[in-house]
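Beneath this line is the structure, given in structure tokens, with notes to follow.
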Amino acid sequence: MINTERELTDYVTVVGGVNIDIQGFPKKKLIPEDSNVGTVKISLGGVGRNIGENLIRLGISTKLISVLGDDIYSSKILKDSYDIGLNMNDSMILKGENASIYLAVLDEDNDMHIAINSMDIFDKMTVGFIKGKKHILDNSKLCVLDTNIPSDVMEYLLNEYKDKDIFLDTVSVTKAKKVKNLTRHIHTIKTNRIEIEAITEIEAKDEDGLRKNGEYLLGKGVKQVFITLGKNGVFYCNRDTMKIIRVNNIKPVNTTGAGDAFMSALIYCYLSNIDIDESAKFATAASIIALSHENTINPNMSAENINLKMKELHYDKKVFGY
């Protein structure tokens with residue numbers, strides 16, 4: 001069990017995306033090229049924001065630096081963040097711009113079928129703007145980046161703050177390529193099979209491929225690697241261990257925010273000095289809590305509830321000779 005009886009006076013800074021999530025849920029089997037009867041849900045999202053809210057729910061003070069417009073959705077995002085205690089005071093606010101929008105259609109199993117993102121506003125974040133946040137970044141316990149931010153901003157942050165622990169979420173195949181030549185300054189990377197292939201150009205379709213990817217990233221200087229495998233669990237490694245753990249018979253309600261909850265739990269464990277094996281179990285339990293609710297962020301997310309979930313789960317384990 002992970003100890004939850006402590007306060008974290010330090011804060012984490014997240015630099016990444018925040019948007020409006022529009023999700024469609026079909027009532028029956030999804031029929032391509034047709035109008036499907038179902039329900040549509042609008043909520044707040046974005047990888048950076050989702051990680052930030054989950055961190056707040058885990059009791060970790062968090063500052064989120066992102067890009068917003070001055071439309072009604074941007075105002076909604078700022079108000080909601082204020083209400084939950086997520087500090088967005090250092091974000092860039094652009095006049096005449098609209099908030100980023102992420103549109104997803106789920107299938108009959110509540111897994112993502114297709115998605116479209118309208119996130120051009122993030123391209124307006126500049127290195128000059130980020131340089132103005134030096135006092136925030138310097139005093140952060142650690143920094144979390146998602147690859148929604150521009151390549152030059154990503155490169156600046158990874159080089160300028162190379163002595164600070166940086167956690168990276170790769171977000172998507174296209175955006176993951178931004179860090180192809182910058183992995184040496186990443187402490188912990190959370191990714192999936194296809195995203196890691198975009199970075200390493202090493203296939204990750206089987207256990208041998210996962211091992212090669214892990215060894216490649218460790219050789220480049222990454223301290224911790226987590227490659228999520230969907231229903232097949234998560235592959236993870238550091239200098240001392242390399243394993244896959246899996247939990248069976250999970251029936252998701254909505255998979256959209258599971259990866260963000262996983263990352264937030266990893267950060268929680270790192271700040272709590274938890275070893276990588278327990279971190280992987282804790283993060284897996286957090287992701288299961290996330291996908292058990294129709295909202296992107298499960299309102300029941302907490303360290304206490306993750307510990308309770310861990311007690312319910314049986315973890316299958318594969319240990320690599322390493």
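Order determines the names: the first chain of the structure tokens is A, the second B, and so forth; residues in each chain are numbered 1 upward, and ligands are numbered 1 upward as they are shown.
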Segment 237-248 of chain A surroundings by only C-alpha atoms, 7 Å radius, close-in-sequence under 6 positions cut, as an MDAnalysis selection string:
chainID A and resid 214 218 223:226 313:320 322
Please identify all polymer residues within 12 Å of Gly45 of chain A, counting only C-alpha atoms, omitting same-chain residues fewer than 5 positions from it, and present them as JSON, numbers by chain.
{"A": [16, 17, 18, 19, 20, 21, 22, 23, 50, 51, 52, 53, 54, 73, 74, 76, 77, 80, 81, 99, 100, 101, 102, 103, 104, 117, 256, 257, 260, 295, 296, 297]}
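Proximity ranking of A:Val15, A:Leu291, A:Cys269, A:Met112 relative to Ile130 of chain A places A:Val15 first, based on only C-alpha atoms.
Remark: for Pro32 of chain A, the closest of the candidate residues A:Ala285, A:Asp107, A:Ala204, A:Ser172 is A:Asp107 (distances computed over only C-alpha atoms).
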What are the DSSP alpha helix (DSSP H) residues of segment 109-250 of chain A, as an MDAnalysis selection string?
chainID A and resid 127:131 134:138 151:160 173:176 193:200 207:220
Can those selected residues be exported to a file as a compact mmCIF listing (two decimals), in the first residue's frame so that it contains N, CA and C atoms?
# COMPACT_ATOMS: atom_id res chain seq x y z
N VAL A 127 9.17 30.35 -27.32
CA VAL A 127 10.29 30.21 -26.39
C VAL A 127 10.40 31.46 -25.53
N GLY A 128 10.18 32.62 -26.14
CA GLY A 128 10.23 33.87 -25.37
C GLY A 128 9.23 33.89 -24.24
N PHE A 129 8.02 33.40 -24.50
CA PHE A 129 7.00 33.33 -23.46
C PHE A 129 7.46 32.40 -22.33
N ILE A 130 7.99 31.24 -22.69
CA ILE A 130 8.42 30.27 -21.68
C ILE A 130 9.62 30.79 -20.89
N LYS A 131 10.48 31.55 -21.53
CA LYS A 131 11.61 32.13 -20.79
C LYS A 131 11.12 33.05 -19.68
N LYS A 134 10.59 31.47 -16.06
CA LYS A 134 11.77 30.86 -15.43
C LYS A 134 11.61 30.68 -13.93
N HIS A 135 11.05 31.67 -13.26
CA HIS A 135 10.90 31.58 -11.80
C HIS A 135 9.95 30.46 -11.41
N ILE A 136 8.96 30.19 -12.24
CA ILE A 136 8.02 29.10 -11.97
C ILE A 136 8.71 27.75 -12.17
N LEU A 137 9.39 27.61 -13.29
CA LEU A 137 10.04 26.35 -13.62
C LEU A 137 11.21 26.05 -12.70
N ASP A 138 11.98 27.08 -12.36
CA ASP A 138 13.14 26.87 -11.48
C ASP A 138 12.74 26.30 -10.12
N SER A 151 7.73 22.32 -31.10
CA SER A 151 9.02 21.63 -31.05
C SER A 151 10.12 22.50 -30.46
N ASP A 152 10.16 23.79 -30.82
CA ASP A 152 11.24 24.64 -30.31
C ASP A 152 11.09 24.90 -28.82
N VAL A 153 9.85 24.97 -28.34
CA VAL A 153 9.61 25.14 -26.90
C VAL A 153 10.02 23.86 -26.17
N MET A 154 9.66 22.71 -26.75
CA MET A 154 10.05 21.43 -26.16
C MET A 154 11.57 21.32 -26.07
N GLU A 155 12.24 21.67 -27.15
CA GLU A 155 13.70 21.58 -27.17
C GLU A 155 14.32 22.53 -26.14
N TYR A 156 13.81 23.73 -26.05
CA TYR A 156 14.32 24.70 -25.07
C TYR A 156 14.17 24.16 -23.65
N LEU A 157 12.98 23.67 -23.32
CA LEU A 157 12.72 23.19 -21.96
C LEU A 157 13.61 22.00 -21.60
N LEU A 158 13.76 21.06 -22.53
CA LEU A 158 14.56 19.87 -22.24
C LEU A 158 16.05 20.19 -22.13
N ASN A 159 16.51 21.20 -22.84
CA ASN A 159 17.92 21.58 -22.74
C ASN A 159 18.19 22.53 -21.58
N GLU A 160 17.31 23.52 -21.40
CA GLU A 160 17.50 24.51 -20.34
C GLU A 160 17.34 23.90 -18.96
N VAL A 173 1.44 9.73 -32.17
CA VAL A 173 2.57 9.34 -33.02
C VAL A 173 3.24 10.57 -33.64
N THR A 174 2.43 11.42 -34.25
CA THR A 174 2.98 12.60 -34.92
C THR A 174 3.72 13.51 -33.95
N LYS A 175 3.12 13.76 -32.79
CA LYS A 175 3.71 14.70 -31.83
C LYS A 175 4.90 14.08 -31.09
N ALA A 176 4.90 12.75 -30.95
CA ALA A 176 6.02 12.09 -30.27
C ALA A 176 7.34 12.32 -31.00
N ARG A 193 2.86 1.63 -27.63
CA ARG A 193 3.65 0.92 -28.65
C ARG A 193 3.95 1.76 -29.89
N ILE A 194 2.92 2.35 -30.46
CA ILE A 194 3.11 3.04 -31.74
C ILE A 194 3.82 4.37 -31.56
N GLU A 195 3.62 5.01 -30.42
CA GLU A 195 4.30 6.28 -30.18
C GLU A 195 5.79 6.08 -29.93
N ILE A 196 6.13 5.01 -29.22
CA ILE A 196 7.55 4.79 -28.95
C ILE A 196 8.30 4.40 -30.23
N GLU A 197 7.61 3.70 -31.12
CA GLU A 197 8.23 3.35 -32.41
C GLU A 197 8.57 4.61 -33.22
N ALA A 198 7.74 5.63 -33.08
CA ALA A 198 7.98 6.89 -33.80
C ALA A 198 9.24 7.59 -33.30
N ILE A 199 9.59 7.34 -32.05
CA ILE A 199 10.78 7.96 -31.46
C ILE A 199 12.03 7.14 -31.74
N THR A 200 11.94 5.83 -31.52
CA THR A 200 13.13 4.97 -31.60
C THR A 200 13.35 4.33 -32.97
N GLU A 207 7.35 -8.86 -27.17
CA GLU A 207 8.16 -8.65 -25.97
C GLU A 207 9.61 -8.32 -26.30
N ASP A 208 10.15 -8.95 -27.34
CA ASP A 208 11.53 -8.65 -27.71
C ASP A 208 11.66 -7.21 -28.19
N GLY A 209 10.65 -6.75 -28.93
CA GLY A 209 10.66 -5.37 -29.40
C GLY A 209 10.54 -4.38 -28.25
N LEU A 210 9.72 -4.71 -27.27
CA LEU A 210 9.59 -3.85 -26.10
C LEU A 210 10.91 -3.77 -25.34
N ARG A 211 11.55 -4.92 -25.18
CA ARG A 211 12.86 -4.95 -24.49
C ARG A 211 13.87 -4.07 -25.22
N LYS A 212 13.91 -4.18 -26.54
CA LYS A 212 14.87 -3.38 -27.32
C LYS A 212 14.57 -1.89 -27.20
N ASN A 213 13.30 -1.54 -27.18
CA ASN A 213 12.93 -0.13 -27.01
C ASN A 213 13.35 0.38 -25.63
N GLY A 214 13.10 -0.44 -24.61
CA GLY A 214 13.48 -0.06 -23.26
C GLY A 214 14.98 0.14 -23.14
N GLU A 215 15.74 -0.81 -23.67
CA GLU A 215 17.20 -0.72 -23.59
C GLU A 215 17.71 0.49 -24.37
N TYR A 216 17.09 0.78 -25.51
CA TYR A 216 17.50 1.93 -26.32
C TYR A 216 17.32 3.22 -25.54
N LEU A 217 16.15 3.39 -24.92
CA LEU A 217 15.87 4.63 -24.19
C LEU A 217 16.75 4.77 -22.95
N LEU A 218 16.94 3.66 -22.23
CA LEU A 218 17.83 3.71 -21.07
C LEU A 218 19.25 4.09 -21.51
N GLY A 219 19.67 3.56 -22.65
CA GLY A 219 20.98 3.89 -23.18
C GLY A 219 21.12 5.35 -23.57
N LYS A 220 20.01 5.98 -23.89
CA LYS A 220 20.01 7.40 -24.25
C LYS A 220 19.97 8.31 -23.03
Can you list every residue in segment 241-316 of chain A that DSSP puts in strand (DSSP E), as a ChimeraX atom specification?
/A:242-246,316
Skip Ser140 of chain A itself and residues of its chain fewer than 3 positions away, then list as a PyMOL selection string all residues within 12 Å of it, counting only C-alpha atoms.
chain A and resi 8-15+60-64+133-137+143-144+161+163-166+271
Write out, as a PDB file, in the first residue's frame, the residues just selected, with N, CA and C atoms.
ATOM      1  N   LEU A   8       2.520  17.364   0.498  1.00  0.00           N
ATOM      2  CA  LEU A   8       3.556  17.788  -0.429  1.00  0.00           C
ATOM      3  C   LEU A   8       3.493  19.306  -0.560  1.00  0.00           C
ATOM      4  N   THR A   9       4.450  19.983   0.072  1.00  0.00           N
ATOM      5  CA  THR A   9       4.439  21.447   0.027  1.00  0.00           C
ATOM      6  C   THR A   9       5.016  21.959  -1.288  1.00  0.00           C
ATOM      7  N   ASP A  10       5.810  21.135  -1.983  1.00  0.00           N
ATOM      8  CA  ASP A  10       6.364  21.530  -3.270  1.00  0.00           C
ATOM      9  C   ASP A  10       5.294  21.426  -4.354  1.00  0.00           C
ATOM     10  N   TYR A  11       5.533  22.114  -5.453  1.00  0.00           N
ATOM     11  CA  TYR A  11       4.570  22.037  -6.545  1.00  0.00           C
ATOM     12  C   TYR A  11       5.213  21.446  -7.798  1.00  0.00           C
ATOM     13  N   VAL A  12       4.342  20.954  -8.658  1.00  0.00           N
ATOM     14  CA  VAL A  12       4.728  20.419  -9.955  1.00  0.00           C
ATOM     15  C   VAL A  12       4.255  21.396 -11.020  1.00  0.00           C
ATOM     16  N   THR A  13       5.058  21.600 -12.060  1.00  0.00           N
ATOM     17  CA  THR A  13       4.619  22.419 -13.188  1.00  0.00           C
ATOM     18  C   THR A  13       4.386  21.542 -14.403  1.00  0.00           C
ATOM     19  N   VAL A  14       3.213  21.681 -14.982  1.00  0.00           N
ATOM     20  CA  VAL A  14       2.858  20.978 -16.207  1.00  0.00           C
ATOM     21  C   VAL A  14       2.839  21.998 -17.351  1.00  0.00           C
ATOM     22  N   VAL A  15       3.540  21.694 -18.430  1.00  0.00           N
ATOM     23  CA  VAL A  15       3.484  22.523 -19.631  1.00  0.00           C
ATOM     24  C   VAL A  15       2.883  21.664 -20.738  1.00  0.00           C
ATOM     25  N   ILE A  60      -1.441  16.955  -4.842  1.00  0.00           N
ATOM     26  CA  ILE A  60      -0.179  17.579  -5.241  1.00  0.00           C
ATOM     27  C   ILE A  60      -0.453  18.963  -5.822  1.00  0.00           C
ATOM     28  N   SER A  61       0.124  19.995  -5.228  1.00  0.00           N
ATOM     29  CA  SER A  61      -0.013  21.352  -5.736  1.00  0.00           C
ATOM     30  C   SER A  61       0.557  21.421  -7.156  1.00  0.00           C
ATOM     31  N   THR A  62      -0.215  21.985  -8.089  1.00  0.00           N
ATOM     32  CA  THR A  62       0.154  21.924  -9.502  1.00  0.00           C
ATOM     33  C   THR A  62      -0.097  23.250 -10.204  1.00  0.00           C
ATOM     34  N   LYS A  63       0.885  23.662 -11.017  1.00  0.00           N
ATOM     35  CA  LYS A  63       0.733  24.829 -11.891  1.00  0.00           C
ATOM     36  C   LYS A  63       0.712  24.333 -13.327  1.00  0.00           C
ATOM     37  N   LEU A  64      -0.258  24.801 -14.106  1.00  0.00           N
ATOM     38  CA  LEU A  64      -0.386  24.396 -15.497  1.00  0.00           C
ATOM     39  C   LEU A  64      -0.143  25.589 -16.409  1.00  0.00           C
ATOM     40  N   LYS A 133       8.784  32.462 -17.779  1.00  0.00           N
ATOM     41  CA  LYS A 133       8.268  31.630 -16.679  1.00  0.00           C
ATOM     42  C   LYS A 133       9.405  30.948 -15.924  1.00  0.00           C
ATOM     43  N   LYS A 134      10.593  31.466 -16.061  1.00  0.00           N
ATOM     44  CA  LYS A 134      11.773  30.856 -15.435  1.00  0.00           C
ATOM     45  C   LYS A 134      11.607  30.681 -13.933  1.00  0.00           C
ATOM     46  N   HIS A 135      11.051  31.675 -13.257  1.00  0.00           N
ATOM     47  CA  HIS A 135      10.900  31.584 -11.798  1.00  0.00           C
ATOM     48  C   HIS A 135       9.952  30.458 -11.408  1.00  0.00           C
ATOM     49  N   ILE A 136       8.956  30.189 -12.240  1.00  0.00           N
ATOM     50  CA  ILE A 136       8.018  29.096 -11.972  1.00  0.00           C
ATOM     51  C   ILE A 136       8.710  27.751 -12.171  1.00  0.00           C
ATOM     52  N   LEU A 137       9.391  27.612 -13.291  1.00  0.00           N
ATOM     53  CA  LEU A 137      10.037  26.348 -13.622  1.00  0.00           C
ATOM     54  C   LEU A 137      11.212  26.045 -12.700  1.00  0.00           C
ATOM     55  N   CYS A 143       9.039  18.821 -13.559  1.00  0.00           N
ATOM     56  CA  CYS A 143       8.246  19.361 -14.664  1.00  0.00           C
ATOM     57  C   CYS A 143       7.647  18.224 -15.481  1.00  0.00           C
ATOM     58  N   VAL A 144       6.446  18.453 -15.956  1.00  0.00           N
ATOM     59  CA  VAL A 144       5.755  17.494 -16.805  1.00  0.00           C
ATOM     60  C   VAL A 144       5.501  18.167 -18.148  1.00  0.00           C
ATOM     61  N   TYR A 161      16.439  22.921 -18.830  1.00  0.00           N
ATOM     62  CA  TYR A 161      16.144  22.332 -17.516  1.00  0.00           C
ATOM     63  C   TYR A 161      16.594  20.865 -17.463  1.00  0.00           C
ATOM     64  N   ASP A 163      18.846  19.552 -15.827  1.00  0.00           N
ATOM     65  CA  ASP A 163      19.201  19.081 -14.491  1.00  0.00           C
ATOM     66  C   ASP A 163      17.971  18.891 -13.599  1.00  0.00           C
ATOM     67  N   LYS A 164      16.805  19.168 -14.149  1.00  0.00           N
ATOM     68  CA  LYS A 164      15.560  18.976 -13.399  1.00  0.00           C
ATOM     69  C   LYS A 164      14.880  17.702 -13.895  1.00  0.00           C
ATOM     70  N   ASP A 165      14.206  16.987 -13.009  1.00  0.00           N
ATOM     71  CA  ASP A 165      13.503  15.771 -13.412  1.00  0.00           C
ATOM     72  C   ASP A 165      12.304  16.146 -14.280  1.00  0.00           C
ATOM     73  N   ILE A 166      12.307  15.657 -15.521  1.00  0.00           N
ATOM     74  CA  ILE A 166      11.243  15.948 -16.468  1.00  0.00           C
ATOM     75  C   ILE A 166      10.525  14.662 -16.843  1.00  0.00           C
ATOM     76  N   LEU A 271       7.360  11.403  -6.299  1.00  0.00           N
ATOM     77  CA  LEU A 271       7.483  12.387  -5.225  1.00  0.00           C
ATOM     78  C   LEU A 271       7.386  11.737  -3.843  1.00  0.00           C
TER      79      LEU A 271
END
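Between Gly230 of chain A and the residues A:Asp146, A:Asp111, A:Asp169, A:Asp71, the shortest atom-to-atom distance, using only C-alpha atoms, involves A:Asp111.
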Compile the contact shell of Lys79 of chain A as a ChimeraX atom specification: residues with an atom at most 12 Å away, counting only C-alpha atoms, same-chain residues fewer than 6 positions apart removed.
/A:44,72-73,85-89
Write out as a PyMOL selection string the residues lying within 9 Å of Leu58 of chain A, counting only C-alpha atoms and excluding same-chain residues fewer than 6 positions away.
chain A and resi 4+264-265+268+301-304
Quick one: write out the picked residues with C-alpha atoms as a PDB file, in the first residue's frame?
ATOM      1  CA  THR A   4      -1.017   8.785   1.741  1.00  0.00           C
ATOM      2  CA  SER A 264      -0.269  11.441 -12.655  1.00  0.00           C
ATOM      3  CA  ALA A 265       0.059   8.374 -10.456  1.00  0.00           C
ATOM      4  CA  TYR A 268       2.752  10.933  -7.197  1.00  0.00           C
ATOM      5  CA  MET A 301      -9.778   9.726  -8.086  1.00  0.00           C
ATOM      6  CA  SER A 302      -7.699   9.882  -4.904  1.00  0.00           C
ATOM      7  CA  ALA A 303      -4.647   8.177  -3.437  1.00  0.00           C
ATOM      8  CA  GLU A 304      -6.881   6.419  -0.914  1.00  0.00           C
TER       9      GLU A 304
END
Distance atom CA of Pro299 of chain A-atom CA of Ala258 of chain A, one decimal place?
13.1 Å
Exercise: Pro26 of chain A partners within 12 Å, only C-alpha atoms, chain neighbours under 3 positions left out, as a ChimeraX atom specification
/A:23,29-32,34-41,104-113
Can you write just those residues out, N, CA and C atoms, as an mmCIF file, in the first residue's frame?
data_model
loop_
_atom_site.group_PDB
_atom_site.id
_atom_site.type_symbol
_atom_site.label_atom_id
_atom_site.label_comp_id
_atom_site.auth_asym_id
_atom_site.auth_seq_id
_atom_site.Cartn_x
_atom_site.Cartn_y
_atom_site.Cartn_z
ATOM 1 N N GLN A 23 -17.155 14.090 -26.855
ATOM 2 C CA GLN A 23 -17.101 12.649 -27.057
ATOM 3 C C GLN A 23 -18.473 12.101 -27.441
ATOM 4 N N LYS A 29 -23.749 -1.073 -31.967
ATOM 5 C CA LYS A 29 -22.499 -1.256 -32.712
ATOM 6 C C LYS A 29 -22.303 -0.084 -33.665
ATOM 7 N N LEU A 30 -21.104 0.487 -33.636
ATOM 8 C CA LEU A 30 -20.796 1.650 -34.460
ATOM 9 C C LEU A 30 -20.827 1.284 -35.942
ATOM 10 N N ILE A 31 -21.589 2.052 -36.720
ATOM 11 C CA ILE A 31 -21.702 1.830 -38.161
ATOM 12 C C ILE A 31 -20.927 2.931 -38.884
ATOM 13 N N PRO A 32 -19.834 2.589 -39.554
ATOM 14 C CA PRO A 32 -19.061 3.610 -40.277
ATOM 15 C C PRO A 32 -19.870 4.235 -41.403
ATOM 16 N N ASP A 34 -22.133 6.418 -41.413
ATOM 17 C CA ASP A 34 -23.561 6.561 -41.147
ATOM 18 C C ASP A 34 -23.751 7.390 -39.887
ATOM 19 N N SER A 35 -24.971 7.890 -39.708
ATOM 20 C CA SER A 35 -25.310 8.616 -38.487
ATOM 21 C C SER A 35 -25.724 7.612 -37.427
ATOM 22 N N ASN A 36 -24.995 7.579 -36.330
ATOM 23 C CA ASN A 36 -25.237 6.608 -35.266
ATOM 24 C C ASN A 36 -25.996 7.248 -34.111
ATOM 25 N N VAL A 37 -27.023 6.567 -33.631
ATOM 26 C CA VAL A 37 -27.765 7.028 -32.461
ATOM 27 C C VAL A 37 -26.886 6.831 -31.223
ATOM 28 N N GLY A 38 -26.840 7.842 -30.383
ATOM 29 C CA GLY A 38 -26.016 7.732 -29.184
ATOM 30 C C GLY A 38 -26.119 8.976 -28.332
ATOM 31 N N THR A 39 -25.099 9.200 -27.533
ATOM 32 C CA THR A 39 -25.061 10.382 -26.667
ATOM 33 C C THR A 39 -23.752 11.135 -26.913
ATOM 34 N N VAL A 40 -23.803 12.444 -26.689
ATOM 35 C CA VAL A 40 -22.629 13.291 -26.844
ATOM 36 C C VAL A 40 -22.365 13.994 -25.525
ATOM 37 N N LYS A 41 -21.118 13.931 -25.092
ATOM 38 C CA LYS A 41 -20.735 14.537 -23.813
ATOM 39 C C LYS A 41 -19.638 15.570 -24.055
ATOM 40 N N ALA A 104 -13.867 13.172 -30.255
ATOM 41 C CA ALA A 104 -13.641 11.729 -30.325
ATOM 42 C C ALA A 104 -14.956 10.976 -30.475
ATOM 43 N N VAL A 105 -14.926 9.944 -31.294
ATOM 44 C CA VAL A 105 -16.060 9.024 -31.414
ATOM 45 C C VAL A 105 -15.609 7.674 -30.873
ATOM 46 N N LEU A 106 -16.333 7.171 -29.879
ATOM 47 C CA LEU A 106 -16.006 5.885 -29.291
ATOM 48 C C LEU A 106 -16.812 4.781 -29.964
ATOM 49 N N ASP A 107 -16.346 3.549 -29.844
ATOM 50 C CA ASP A 107 -17.091 2.436 -30.422
ATOM 51 C C ASP A 107 -17.991 1.799 -29.375
ATOM 52 N N GLU A 108 -18.619 0.688 -29.749
ATOM 53 C CA GLU A 108 -19.584 0.039 -28.851
ATOM 54 C C GLU A 108 -18.932 -0.532 -27.599
ATOM 55 N N ASP A 109 -17.608 -0.676 -27.607
ATOM 56 C CA ASP A 109 -16.877 -1.151 -26.426
ATOM 57 C C ASP A 109 -16.319 0.007 -25.612
ATOM 58 N N ASN A 110 -16.758 1.227 -25.973
ATOM 59 C CA ASN A 110 -16.308 2.438 -25.295
ATOM 60 C C ASN A 110 -14.812 2.690 -25.441
ATOM 61 N N ASP A 111 -14.241 2.199 -26.529
ATOM 62 C CA ASP A 111 -12.854 2.504 -26.858
ATOM 63 C C ASP A 111 -12.856 3.487 -28.030
ATOM 64 N N MET A 112 -11.804 4.298 -28.134
ATOM 65 C CA MET A 112 -11.780 5.314 -29.169
ATOM 66 C C MET A 112 -11.749 4.701 -30.563
ATOM 67 N N HIS A 113 -12.666 5.121 -31.419
ATOM 68 C CA HIS A 113 -12.703 4.674 -32.806
ATOM 69 C C HIS A 113 -11.942 5.644 -33.699
#
Pairwise distance, atom CA of Glu203 of chain A with atom CA of Val222 of chain A, equals 18.5 Å
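Each of A:Gly221, A:Ile149, A:Lys311, A:Pro252 was compared to Thr183 of chain A using only C-alpha atoms, and A:Gly221 turns out to be the nearest.
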The distance between atom CA of Leu266 of chain A and atom CA of Leu55 of chain A is 10.0 Å
Top pick for closest residue to His187 of chain A, considering A:Leu142, A:Ile202, A:Ile84, A:Ile288 and counting only C-alpha atoms
A:Leu142
